[in-house]
Amino acid sequence: MDRPLFTRVRALARARLGSGGRLFFASGRVNLLGAHIDYHGGCVLPVAVDRGVAVVARRRDDRRFRLASAEFSQSVEGDLDALPTAAEAGWAAYPVGIFATLEAAGHVLPGLDLVFAGDLPVGAGLSSSAAILVATAVAVAAIADFPLAPIDAARFAHRAETGFVGVKCGIMDPFASALGRPGHALWLDCKDQSHDWIALPTERMAFVMLDSMTRRELKDGGFNQRVAESLSALAKLKTRLPKATCLRDVSVEDLERHRELLPDLEWKRARHVVTEVARVRRARELLARGELLEFGQLMWLSHLSSRHLYEVSTPRLDALQELSLSHPGCFGARLTGAGFGGCALAVVAPDAVESFAEQVAAGFERRFGERAAIHSLGFGSAPSEVEES
Ligand code: GLA
C-alpha cells in the first residue's frame, strides 16, 4: 500500500496537472553529533530518516516550468531561459536553484512540471531544504534522461543552496539525504567528502523528534552570522597557524595557546567547533562498539556547547533537552540541525519511547502552555523513484 505522503502528492499532481508523471522521494535527516562543524571541515554523523519530500515530475515539450507544493499555496511558473532570482521564486528557490546549477554544468533541461509534498516539518532542523533539493535533482535527471549518481545529486544540491538560495551551509544535509542507508549513520568527512557508513545497534536505540514548535529560516541571518563569526576567528588563528585551512585543523590546545588573538565572542564560536570536532571522533568509536550511554553523554555536551558557546539554542530547545534527560530511558538529547528553533533529537531505548514521549510532552506543556509535537523517526534510504503499488 502507498504511504500517505505518496497518495497525497499523487492526488495533488492529478488535480494540478492531470494524469501522468513519475514519483520520486528523498529523505530528511537527523544529525546524531557534529553541530555546525560541516562548514568548518569537521566530520559529522547524520542519519537519513523515513520522512522527507516527494515530487511528481513530468516532462513538457517546451522550456517552461510549473512548480506547485502542498505546503505553499502559491504556484510558481517560468521559463528555463529566464529563471527568476531566489527572492522572486520564494519557496520555489530550491527547485529553481537546481535547474540553474544543472544547466550551468552543461545539462540542457526540458520543460518540467513538478508537484511537491513533504512530511517533514519545514524549517525545523530536519533538512526539508536538502530533501527538496535532492529530490528535484534526482527527478530532473531521470526525466531529462541523464545519469546522476546520488553523491552528484548531493553536490548539485549544495551548490544550489549556497550559490543560488544564498545560505552558507555545509555539505552535511544533502549528503545525508543522498547517501542514507537503513540501520546506519553516515560518517562524513566534510573536508574531503570521504565517507563511510557505521552500523548502529538498532535494536537498542530509537530516534525521537521533539519539536519546539518554533521555526526559523536559515536565510534570515543567524546562520550566516555564525559562519562569519567563526570564519573571522579562523582568519585570526591562521596568522599563527598558517597550515590550518579550516577550523577542523585547529586543535583544542592550539586554540587555547592563541586565545589572546580572539575577542571573547569569536573564541566562544571557535571553542565550540574544535571541541565538537573532538567529540564526534570519540562518538564514532563509541557507536561502533554500541556504547550508547557514553555516546549519549556526548550528545548532552554537544547541546551545552551549542547553547553556551555557539549560542544557537533557544529556551524551548533547552527545556526539551533537559526534560529528555530526566527520563531513565533516554541515552542523550540535543538540538539537531541549525538550531534557532526547530527540533531536538533524543536517542531512547525502544521500549521506553511511549512513556518518554508522554513525560516530555507533559513537562513541555506545563512550561510553555502548548504541546510539543513528538514523533518516532525510522531510517530513510538513498533517494529513488517510487513505483505505483
Ligand atoms: C544546517 C546546515 C548544515 C549544518 C547544520 C548545523 O542544517 O544546512 O550544513 O551546518 O545546520 O550542523
# chains A, B, ... in the order shown; residues from 1 in each chain; ligands from 1
call {"tool": "residues_near_ligand", "arguments": {"ligand": "ligand 1", "cutoff": "6 Å", "atoms": "only C-alpha atoms and all ligand atoms", "output": "MDAnalysis selection string"}}
result
chainID A and resid 35:36 38 125 169:173 337:338
call {"tool": "write_last_selection", "arguments": {"atoms": "C-alpha atoms", "output": "compact mmCIF listing (two decimals), in the first residue's frame"}}
result
# COMPACT_ATOMS: atom_id res chain seq x y z
CA ALA A 35 26.74 20.68 15.28
CA HIS A 36 27.86 23.49 12.97
CA ASP A 38 30.42 20.70 8.48
CA GLY A 125 16.09 21.36 11.56
CA CYS A 169 25.57 25.95 4.77
CA GLY A 170 27.90 22.99 4.69
CA ILE A 171 27.59 19.72 2.80
CA MET A 172 26.07 17.61 5.58
CA ASP A 173 22.36 17.80 4.78
CA GLY A 337 20.12 20.95 12.60
CA ALA A 338 20.97 24.62 12.77
call {"tool": "select_by_dssp", "arguments": {"residues": "range 180-257 of chain A", "states": "alpha helix (DSSP H)", "output": "list in words"}}
result
Gly222, Phe223, Asn224, Gln225, Arg226, Val227, Ala228, Glu229, Ser230, Leu231, Ser232, Ala233, Leu234, Ala235, Lys236, Leu237, Lys238, Val252, Glu253, Asp254, Leu255, Glu256 and Arg257 of chain A
call {"tool": "closest_atom_pairs", "arguments": {"of": "range 156-252 of chain A", "to": "range 98-118 of chain A", "cutoff": "12 Å", "atoms": "only C-alpha atoms", "output": "JSON lines"}}
result
{"residue": "A:Phe156", "atom": "CA", "partner": "A:Thr101", "partner_atom": "CA", "distance": 6.5}
{"residue": "A:Ala157", "atom": "CA", "partner": "A:Ile98", "partner_atom": "CA", "distance": 6.6}
{"residue": "A:His158", "atom": "CA", "partner": "A:Ile98", "partner_atom": "CA", "distance": 9.4}
{"residue": "A:Arg159", "atom": "CA", "partner": "A:Thr101", "partner_atom": "CA", "distance": 6.9}
{"residue": "A:Ala160", "atom": "CA", "partner": "A:Ile98", "partner_atom": "CA", "distance": 5.6}
{"residue": "A:Glu161", "atom": "CA", "partner": "A:Ile98", "partner_atom": "CA", "distance": 8.6}
{"residue": "A:Thr162", "atom": "CA", "partner": "A:Thr101", "partner_atom": "CA", "distance": 10.7}
{"residue": "A:Gly163", "atom": "CA", "partner": "A:Thr101", "partner_atom": "CA", "distance": 8.5}
{"residue": "A:Phe164", "atom": "CA", "partner": "A:Ala100", "partner_atom": "CA", "distance": 7.9}
{"residue": "A:Val165", "atom": "CA", "partner": "A:Ile98", "partner_atom": "CA", "distance": 9.9}
call {"tool": "select_by_dssp", "arguments": {"residues": "range 65-281 of chain A", "states": "strand (DSSP E or B)", "output": "NGL selection string"}}
result
:A and (65-69 or 76-79 or 82 or 112-118 or 184-189 or 195-199 or 206-211)
call {"tool": "write_last_selection", "arguments": {"atoms": "C-alpha atoms", "output": "compact mmCIF listing (two decimals), in the first residue's frame"}}
result
# COMPACT_ATOMS: atom_id res chain seq x y z
CA PHE A 65 8.44 25.06 -15.76
CA ARG A 66 5.49 24.91 -13.40
CA LEU A 67 6.05 24.24 -9.69
CA ALA A 68 3.40 23.53 -7.06
CA SER A 69 3.60 22.36 -3.47
CA VAL A 76 5.44 29.34 -9.49
CA GLU A 77 5.77 29.31 -13.28
CA GLY A 78 8.51 30.50 -15.54
CA ASP A 79 10.91 29.91 -18.37
CA ALA A 82 14.85 33.47 -17.89
CA LEU A 112 9.18 20.45 -16.41
CA ASP A 113 6.10 20.27 -14.24
CA LEU A 114 6.91 19.40 -10.63
CA VAL A 115 4.50 18.91 -7.75
CA PHE A 116 5.90 18.55 -4.23
CA ALA A 117 4.66 17.37 -0.85
CA GLY A 118 6.57 16.56 2.30
CA HIS A 184 23.44 3.16 9.58
CA ALA A 185 24.77 6.59 10.39
CA LEU A 186 26.77 8.29 7.66
CA TRP A 187 30.31 9.13 8.72
CA LEU A 188 31.04 12.14 6.54
CA ASP A 189 34.36 13.94 6.45
CA HIS A 195 32.52 8.89 3.81
CA ASP A 196 31.63 5.58 5.30
CA TRP A 197 28.60 4.02 7.00
CA ILE A 198 28.53 2.99 10.65
CA ALA A 199 26.18 0.15 11.60
CA ALA A 206 15.12 4.60 18.74
CA PHE A 207 15.12 8.17 17.41
CA VAL A 208 12.56 10.59 18.77
CA MET A 209 11.97 14.01 17.25
CA LEU A 210 10.93 16.71 19.73
CA ASP A 211 9.50 19.76 18.02
call {"tool": "closest_atom_pairs", "arguments": {"of": "range 306-380 of chain A", "to": "range 226-230 of chain A", "cutoff": "12 Å", "atoms": "only C-alpha atoms", "output": "tab-separated table"}}
result
residue	atom	partner	partner_atom	distance
A:Ser306	CA	A:Arg226	CA	11.3
A:Leu309	CA	A:Arg226	CA	10.9
A:Tyr310	CA	A:Arg226	CA	7.6
A:Glu311	CA	A:Arg226	CA	8.8
A:Val312	CA	A:Arg226	CA	8.6
A:Ala338	CA	A:Arg226	CA	10.1
A:Gly339	CA	A:Arg226	CA	11.3
A:Phe340	CA	A:Arg226	CA	11.3
call {"tool": "residues_around", "arguments": {"residues": "Leu345 in chain A", "least_positions_apart": "4", "cutoff": "12 Å", "atoms": "only C-alpha atoms", "output": "tab-separated table (two decimals) with all heavy atoms, in the first residue's frame"}}
result
chain	number	residue	atom	x	y	z
A	29	ARG	N	16.94	14.35	7.40
A	29	ARG	CA	17.94	13.71	8.26
A	29	ARG	C	17.89	14.25	9.68
A	29	ARG	O	17.38	15.33	9.93
A	29	ARG	CB	19.36	13.92	7.69
A	29	ARG	CG	19.84	15.39	7.64
A	29	ARG	CD	20.67	15.81	8.81
A	29	ARG	NE	20.86	17.25	8.85
A	29	ARG	CZ	20.06	18.08	9.51
A	29	ARG	NH1	19.01	17.64	10.16
A	29	ARG	NH2	20.29	19.37	9.52
A	30	VAL	N	18.41	13.45	10.60
A	30	VAL	CA	18.78	13.98	11.90
A	30	VAL	C	20.30	13.89	11.96
A	30	VAL	O	20.89	13.09	11.24
A	30	VAL	CB	18.15	13.19	13.08
A	30	VAL	CG1	16.67	13.43	13.15
A	30	VAL	CG2	18.45	11.69	12.97
A	31	ASN	N	20.91	14.72	12.78
A	31	ASN	CA	22.36	14.61	12.93
A	31	ASN	C	22.65	14.15	14.35
A	31	ASN	O	22.32	14.83	15.31
A	31	ASN	CB	23.02	15.97	12.66
A	31	ASN	CG	24.53	15.87	12.72
A	31	ASN	OD1	25.09	14.79	12.56
A	31	ASN	ND2	25.20	17.00	12.96
A	32	LEU	N	23.25	12.96	14.48
A	32	LEU	CA	23.50	12.42	15.82
A	32	LEU	C	24.50	13.29	16.57
A	32	LEU	O	24.34	13.53	17.76
A	32	LEU	CB	24.03	10.99	15.74
A	32	LEU	CG	23.09	9.95	15.12
A	32	LEU	CD1	23.74	8.58	15.17
A	32	LEU	CD2	21.77	9.93	15.88
A	33	LEU	N	25.50	13.75	15.87
A	33	LEU	CA	26.51	14.60	16.52
A	33	LEU	C	27.30	15.37	15.46
A	33	LEU	O	27.48	14.88	14.36
A	33	LEU	CB	27.48	13.72	17.34
A	33	LEU	CG	28.07	14.44	18.54
A	33	LEU	CD1	27.02	14.65	19.62
A	33	LEU	CD2	29.22	13.65	19.14
A	46	PRO	N	25.32	12.12	10.50
A	46	PRO	CA	23.88	12.19	10.26
A	46	PRO	C	23.26	10.83	9.91
A	46	PRO	O	23.95	9.90	9.49
A	46	PRO	CB	23.77	13.14	9.07
A	46	PRO	CG	25.04	12.91	8.31
A	46	PRO	CD	26.10	12.59	9.34
A	47	VAL	N	21.95	10.76	10.08
A	47	VAL	CA	21.16	9.57	9.72
A	47	VAL	C	19.99	10.04	8.86
A	47	VAL	O	19.26	10.95	9.26
A	47	VAL	CB	20.61	8.91	11.00
A	47	VAL	CG1	19.64	7.78	10.65
A	47	VAL	CG2	21.74	8.37	11.87
A	49	VAL	N	16.30	9.89	7.53
A	49	VAL	CA	15.09	9.42	8.22
A	49	VAL	C	13.97	9.09	7.22
A	49	VAL	O	14.06	9.42	6.04
A	49	VAL	CB	14.60	10.46	9.26
A	49	VAL	CG1	15.64	10.65	10.34
A	49	VAL	CG2	14.24	11.78	8.60
A	124	ALA	N	12.48	23.10	10.48
A	124	ALA	CA	12.52	22.58	11.85
A	124	ALA	C	13.82	21.85	12.16
A	124	ALA	O	13.93	21.17	13.17
A	124	ALA	CB	11.34	21.65	12.08
A	125	GLY	N	14.80	21.98	11.28
A	125	GLY	CA	16.09	21.36	11.56
A	125	GLY	C	16.20	19.93	11.09
A	125	GLY	O	17.14	19.22	11.46
A	126	LEU	N	15.25	19.48	10.25
A	126	LEU	CA	15.31	18.10	9.76
A	126	LEU	C	15.63	18.05	8.27
A	126	LEU	O	15.43	17.04	7.62
A	126	LEU	CB	13.99	17.37	10.04
A	126	LEU	CG	13.61	17.28	11.53
A	126	LEU	CD1	12.25	16.60	11.68
A	126	LEU	CD2	14.65	16.49	12.30
A	206	ALA	N	16.17	4.05	19.60
A	206	ALA	CA	15.12	4.60	18.74
A	206	ALA	C	15.35	6.11	18.69
A	206	ALA	O	15.87	6.70	19.64
A	206	ALA	CB	13.75	4.30	19.34
A	207	PHE	N	14.97	6.72	17.56
A	207	PHE	CA	15.12	8.17	17.41
A	207	PHE	C	13.78	8.85	17.66
A	207	PHE	O	12.76	8.46	17.08
A	207	PHE	CB	15.57	8.51	15.99
A	207	PHE	CG	16.88	7.87	15.61
A	207	PHE	CD1	16.98	7.11	14.45
A	207	PHE	CD2	17.99	8.01	16.42
A	207	PHE	CE1	18.18	6.51	14.11
A	207	PHE	CE2	19.19	7.41	16.08
A	207	PHE	CZ	19.29	6.66	14.93
A	208	VAL	N	13.79	9.86	18.51
A	208	VAL	CA	12.56	10.59	18.77
A	208	VAL	C	12.78	12.06	18.47
A	208	VAL	O	13.74	12.68	18.94
A	208	VAL	CB	12.10	10.41	20.23
A	208	VAL	CG1	10.78	11.13	20.46
A	208	VAL	CG2	11.95	8.93	20.57
A	209	MET	N	11.91	12.60	17.63
A	209	MET	CA	11.97	14.01	17.25
A	209	MET	C	11.09	14.83	18.20
A	209	MET	O	9.94	14.48	18.42
A	209	MET	CB	11.45	14.11	15.82
A	209	MET	CG	11.27	15.47	15.27
A	209	MET	SD	10.06	15.38	13.92
A	209	MET	CE	8.65	16.10	14.74
A	210	LEU	N	11.66	15.87	18.77
A	210	LEU	CA	10.93	16.71	19.73
A	210	LEU	C	10.85	18.11	19.13
A	210	LEU	O	11.86	18.81	19.02
A	210	LEU	CB	11.70	16.78	21.05
A	210	LEU	CG	12.16	15.43	21.64
A	210	LEU	CD1	13.23	15.65	22.69
A	210	LEU	CD2	10.97	14.70	22.22
A	211	ASP	N	9.65	18.50	18.75
A	211	ASP	CA	9.50	19.76	18.02
A	211	ASP	C	9.23	20.90	19.00
A	211	ASP	O	8.24	20.86	19.73
A	211	ASP	CB	8.35	19.61	17.02
A	211	ASP	CG	8.31	20.74	16.02
A	211	ASP	OD1	8.84	21.83	16.32
A	211	ASP	OD2	7.73	20.54	14.94
A	212	SER	N	10.09	21.91	18.98
A	212	SER	CA	9.91	23.05	19.90
A	212	SER	C	8.77	23.97	19.46
A	212	SER	O	8.45	24.94	20.13
A	212	SER	CB	11.21	23.86	19.99
A	212	SER	OG	11.42	24.58	18.78
A	296	GLY	N	25.55	8.97	24.53
A	296	GLY	CA	24.51	9.92	24.95
A	296	GLY	C	25.09	11.10	25.71
A	296	GLY	O	24.62	12.24	25.58
A	299	MET	N	26.19	13.66	23.33
A	299	MET	CA	25.07	14.46	22.80
A	299	MET	C	24.74	15.59	23.78
A	299	MET	O	24.46	16.73	23.39
A	299	MET	CB	23.82	13.59	22.61
A	299	MET	CG	23.92	12.57	21.51
A	299	MET	SD	22.37	11.65	21.33
A	299	MET	CE	21.36	12.78	20.36
A	300	TRP	N	24.76	15.24	25.05
A	300	TRP	CA	24.45	16.21	26.08
A	300	TRP	C	25.47	17.36	26.07
A	300	TRP	O	25.12	18.54	26.08
A	300	TRP	CB	24.45	15.46	27.42
A	300	TRP	CG	24.10	16.26	28.60
A	300	TRP	CD1	22.90	16.83	28.86
A	300	TRP	CD2	24.95	16.57	29.70
A	300	TRP	NE1	22.95	17.49	30.05
A	300	TRP	CE2	24.20	17.35	30.59
A	300	TRP	CE3	26.28	16.27	30.01
A	300	TRP	CZ2	24.73	17.84	31.78
A	300	TRP	CZ3	26.80	16.75	31.20
A	300	TRP	CH2	26.03	17.52	32.07
A	302	SER	N	27.37	18.21	23.59
A	302	SER	CA	27.21	18.94	22.33
A	302	SER	C	26.11	19.99	22.46
A	302	SER	O	26.25	21.13	22.01
A	302	SER	CB	26.86	17.95	21.21
A	302	SER	OG	26.43	18.63	20.07
A	303	HIS	N	25.01	19.59	23.12
A	303	HIS	CA	23.93	20.56	23.29
A	303	HIS	C	24.39	21.75	24.13
A	303	HIS	O	24.13	22.91	23.79
A	303	HIS	CB	22.68	19.93	23.91
A	303	HIS	CG	21.55	20.91	23.98
A	303	HIS	ND1	20.65	21.07	22.96
A	303	HIS	CD2	21.22	21.83	24.92
A	303	HIS	CE1	19.81	22.04	23.27
A	303	HIS	NE2	20.12	22.51	24.47
A	317	LEU	N	14.21	24.68	23.18
A	317	LEU	CA	15.08	23.53	22.88
A	317	LEU	C	15.81	23.07	24.14
A	317	LEU	O	15.97	21.88	24.38
A	317	LEU	CB	16.10	23.91	21.79
A	317	LEU	CG	15.55	23.99	20.36
A	317	LEU	CD1	16.57	24.63	19.42
A	317	LEU	CD2	15.17	22.60	19.84
A	318	ASP	N	16.25	24.04	24.95
A	318	ASP	CA	16.93	23.67	26.20
A	318	ASP	C	15.98	22.88	27.10
A	318	ASP	O	16.37	21.89	27.72
A	318	ASP	CB	17.41	24.92	26.95
A	318	ASP	CG	18.45	25.69	26.15
A	318	ASP	OD1	19.09	25.08	25.27
A	318	ASP	OD2	18.61	26.90	26.41
A	320	LEU	N	13.43	21.03	26.17
A	320	LEU	CA	13.23	19.68	25.62
A	320	LEU	C	14.41	18.78	25.94
A	320	LEU	O	14.26	17.60	26.27
A	320	LEU	CB	13.04	19.76	24.09
A	320	LEU	CG	11.68	20.31	23.65
A	320	LEU	CD1	11.68	20.60	22.15
A	320	LEU	CD2	10.56	19.32	24.00
A	321	GLN	N	15.61	19.36	25.87
A	321	GLN	CA	16.80	18.56	26.17
A	321	GLN	C	16.81	18.17	27.66
A	321	GLN	O	17.04	17.02	28.01
A	321	GLN	CB	18.04	19.38	25.79
A	321	GLN	CG	19.30	18.53	25.75
A	321	GLN	CD	20.30	18.95	26.78
A	321	GLN	OE1	20.07	19.88	27.55
A	321	GLN	NE2	21.43	18.26	26.81
A	322	GLU	N	16.51	19.14	28.52
A	322	GLU	CA	16.54	18.85	29.96
A	322	GLU	C	15.44	17.84	30.34
A	322	GLU	O	15.69	16.91	31.11
A	322	GLU	CB	16.39	20.14	30.76
A	322	GLU	CG	17.67	20.96	30.75
A	322	GLU	CD	17.44	22.45	31.02
A	322	GLU	OE1	16.30	22.84	31.39
A	322	GLU	OE2	18.39	23.22	30.85
A	324	SER	N	14.18	15.61	28.47
A	324	SER	CA	14.56	14.29	27.94
A	324	SER	C	15.48	13.58	28.92
A	324	SER	O	15.32	12.38	29.19
A	324	SER	CB	15.31	14.43	26.61
A	324	SER	OG	14.48	15.00	25.65
A	325	LEU	N	16.44	14.32	29.42
A	325	LEU	CA	17.47	13.67	30.25
A	325	LEU	C	16.90	13.21	31.59
A	325	LEU	O	17.50	12.36	32.23
A	325	LEU	CB	18.64	14.62	30.47
A	325	LEU	CG	19.38	14.95	29.18
A	325	LEU	CD1	20.53	15.90	29.46
A	325	LEU	CD2	19.90	13.69	28.50
A	330	CYS	N	16.18	7.54	28.30
A	330	CYS	CA	16.83	8.39	27.27
A	330	CYS	C	18.35	8.32	27.41
A	330	CYS	O	18.89	8.58	28.48
A	330	CYS	CB	16.34	9.82	27.44
A	330	CYS	SG	17.12	10.96	26.30
A	331	PHE	N	19.04	8.01	26.32
A	331	PHE	CA	20.50	7.99	26.35
A	331	PHE	C	21.07	9.41	26.22
A	331	PHE	O	22.04	9.77	26.88
A	331	PHE	CB	21.05	7.14	25.19
A	331	PHE	CG	20.75	5.68	25.34
A	331	PHE	CD1	19.80	5.07	24.52
A	331	PHE	CD2	21.39	4.93	26.30
A	331	PHE	CE1	19.52	3.72	24.66
A	331	PHE	CE2	21.11	3.57	26.44
A	331	PHE	CZ	20.17	2.97	25.62
A	332	GLY	N	20.50	10.18	25.32
A	332	GLY	CA	21.03	11.52	25.10
A	332	GLY	C	20.07	12.34	24.27
A	332	GLY	O	19.18	11.77	23.59
A	333	ALA	N	20.22	13.66	24.32
A	333	ALA	CA	19.35	14.53	23.52
A	333	ALA	C	20.11	15.82	23.23
A	333	ALA	O	20.93	16.26	24.03
A	333	ALA	CB	18.06	14.84	24.27
A	334	ARG	N	19.83	16.37	22.07
A	334	ARG	CA	20.47	17.64	21.69
A	334	ARG	C	19.65	18.28	20.58
A	334	ARG	O	18.86	17.60	19.93
A	334	ARG	CB	21.89	17.40	21.19
A	334	ARG	CG	21.98	16.46	20.00
A	334	ARG	CD	23.40	16.29	19.50
A	334	ARG	NE	23.85	17.46	18.80
A	334	ARG	CZ	23.71	17.64	17.49
A	334	ARG	NH1	23.15	16.76	16.71
A	334	ARG	NH2	24.14	18.76	16.93
A	335	LEU	N	19.88	19.57	20.37
A	335	LEU	CA	19.23	20.18	19.21
A	335	LEU	C	19.84	19.56	17.97
A	335	LEU	O	21.01	19.18	17.95
A	335	LEU	CB	19.38	21.70	19.23
A	335	LEU	CG	20.76	22.33	19.12
A	335	LEU	CD1	21.23	22.46	17.69
A	335	LEU	CD2	20.74	23.70	19.75
A	336	THR	N	19.05	19.40	16.93
A	336	THR	CA	19.59	18.83	15.70
A	336	THR	C	19.37	19.87	14.60
A	336	THR	O	18.46	20.67	14.68
A	336	THR	CB	18.91	17.49	15.37
A	336	THR	OG1	19.59	16.87	14.28
A	336	THR	CG2	17.44	17.62	15.07
A	337	GLY	N	20.25	19.91	13.61
A	337	GLY	CA	20.12	20.95	12.60
A	337	GLY	C	20.75	22.24	13.08
A	337	GLY	O	21.59	22.25	13.98
A	339	GLY	N	19.51	24.83	14.73
A	339	GLY	CA	19.09	25.47	15.97
A	339	GLY	C	18.25	26.70	15.67
A	339	GLY	O	17.57	26.73	14.64
A	357	ALA	N	7.85	9.92	25.57
A	357	ALA	CA	7.11	10.95	24.83
A	357	ALA	C	6.05	11.61	25.73
A	357	ALA	O	5.89	12.83	25.74
A	357	ALA	CB	6.46	10.34	23.59
A	374	ILE	N	5.76	15.31	19.09
A	374	ILE	CA	6.81	14.34	19.37
A	374	ILE	C	6.55	13.09	18.53
A	374	ILE	O	5.45	12.54	18.57
A	374	ILE	CB	6.83	13.98	20.88
A	374	ILE	CG1	7.14	15.26	21.67
A	374	ILE	CG2	7.84	12.88	21.18
A	374	ILE	CD1	7.29	15.06	23.17
A	375	HIS	N	7.53	12.68	17.72
A	375	HIS	CA	7.32	11.53	16.83
A	375	HIS	C	8.56	10.65	16.83
A	375	HIS	O	9.68	11.15	16.86
A	375	HIS	CB	7.15	11.99	15.37
A	375	HIS	CG	6.02	12.92	15.16
A	375	HIS	ND1	4.71	12.51	15.19
A	375	HIS	CD2	5.99	14.25	14.91
A	375	HIS	CE1	3.93	13.56	14.96
A	375	HIS	NE2	4.68	14.62	14.80
A	376	SER	N	8.33	9.36	16.70
A	376	SER	CA	9.45	8.45	16.43
A	376	SER	C	9.83	8.59	14.97
A	376	SER	O	8.98	8.81	14.12
A	376	SER	CB	9.01	7.01	16.63
A	376	SER	OG	8.93	6.73	17.98
A	377	LEU	N	11.11	8.46	14.69
A	377	LEU	CA	11.57	8.51	13.30
A	377	LEU	C	12.25	7.19	12.97
A	377	LEU	O	13.04	6.68	13.77
A	377	LEU	CB	12.58	9.64	13.11
A	377	LEU	CG	12.07	11.06	13.30
A	377	LEU	CD1	13.24	12.04	13.31
A	377	LEU	CD2	11.10	11.42	12.17
call {"tool": "atom_distance", "arguments": {"atom1": "CA of Gly123 in chain A", "atom2": "CA of Cys343 in chain A"}}
result
9.2 Å
call {"tool": "closest_residue", "arguments": {"among": "A:Arg307, A:Arg371, A:Lys236, A:Arg204", "to": "Leu292 in chain A", "atoms": "only C-alpha atoms"}}
result
A:Arg204
call {"tool": "residues_around", "arguments": {"residues": "Leu237 in chain A", "least_positions_apart": "4", "cutoff": "8 Å", "atoms": "only C-alpha atoms", "output": "PyMOL selection string"}}
result
chain A and resi 233+241+255+258+261-262
call {"tool": "write_last_selection", "arguments": {"atoms": "all heavy atoms", "output": "short mmCIF file (atom, residue, chain, number, x, y, z; two decimals), in the first residue's frame"}}
result
data_model
loop_
_atom_site.label_atom_id
_atom_site.label_comp_id
_atom_site.auth_asym_id
_atom_site.auth_seq_id
_atom_site.Cartn_x
_atom_site.Cartn_y
_atom_site.Cartn_z
N ALA A 233 37.26 34.13 13.32
CA ALA A 233 38.18 33.52 14.31
C ALA A 233 39.28 32.74 13.57
O ALA A 233 40.46 32.85 13.91
CB ALA A 233 37.41 32.59 15.24
N LEU A 241 48.88 29.99 12.83
CA LEU A 241 48.79 28.58 12.42
C LEU A 241 48.58 28.55 10.91
O LEU A 241 47.49 28.23 10.42
CB LEU A 241 47.59 27.90 13.12
CG LEU A 241 47.57 27.93 14.65
CD1 LEU A 241 46.18 27.57 15.19
CD2 LEU A 241 48.62 26.96 15.21
N LEU A 255 44.02 26.29 20.03
CA LEU A 255 43.10 27.40 20.27
C LEU A 255 43.42 28.08 21.59
O LEU A 255 43.48 29.32 21.66
CB LEU A 255 41.64 26.89 20.29
CG LEU A 255 40.61 27.93 20.66
CD1 LEU A 255 40.52 29.03 19.60
CD2 LEU A 255 39.23 27.30 20.86
N HIS A 258 46.51 30.26 21.61
CA HIS A 258 46.43 31.54 20.89
C HIS A 258 45.16 32.32 21.24
O HIS A 258 44.70 33.15 20.47
CB HIS A 258 46.48 31.27 19.38
CG HIS A 258 47.73 30.58 18.96
ND1 HIS A 258 48.98 31.15 19.13
CD2 HIS A 258 47.94 29.36 18.43
CE1 HIS A 258 49.90 30.30 18.70
NE2 HIS A 258 49.31 29.21 18.27
N LEU A 261 44.44 36.10 20.68
CA LEU A 261 44.19 36.66 19.35
C LEU A 261 42.72 36.98 19.13
O LEU A 261 42.36 37.74 18.22
CB LEU A 261 44.58 35.64 18.26
CG LEU A 261 46.04 35.28 18.07
CD1 LEU A 261 46.17 34.18 17.04
CD2 LEU A 261 46.81 36.52 17.62
N LEU A 262 41.86 36.35 19.94
CA LEU A 262 40.43 36.40 19.62
C LEU A 262 39.61 37.19 20.63
O LEU A 262 39.79 37.03 21.83
CB LEU A 262 39.86 34.97 19.59
CG LEU A 262 40.53 33.97 18.66
CD1 LEU A 262 39.86 32.61 18.77
CD2 LEU A 262 40.48 34.46 17.21
#
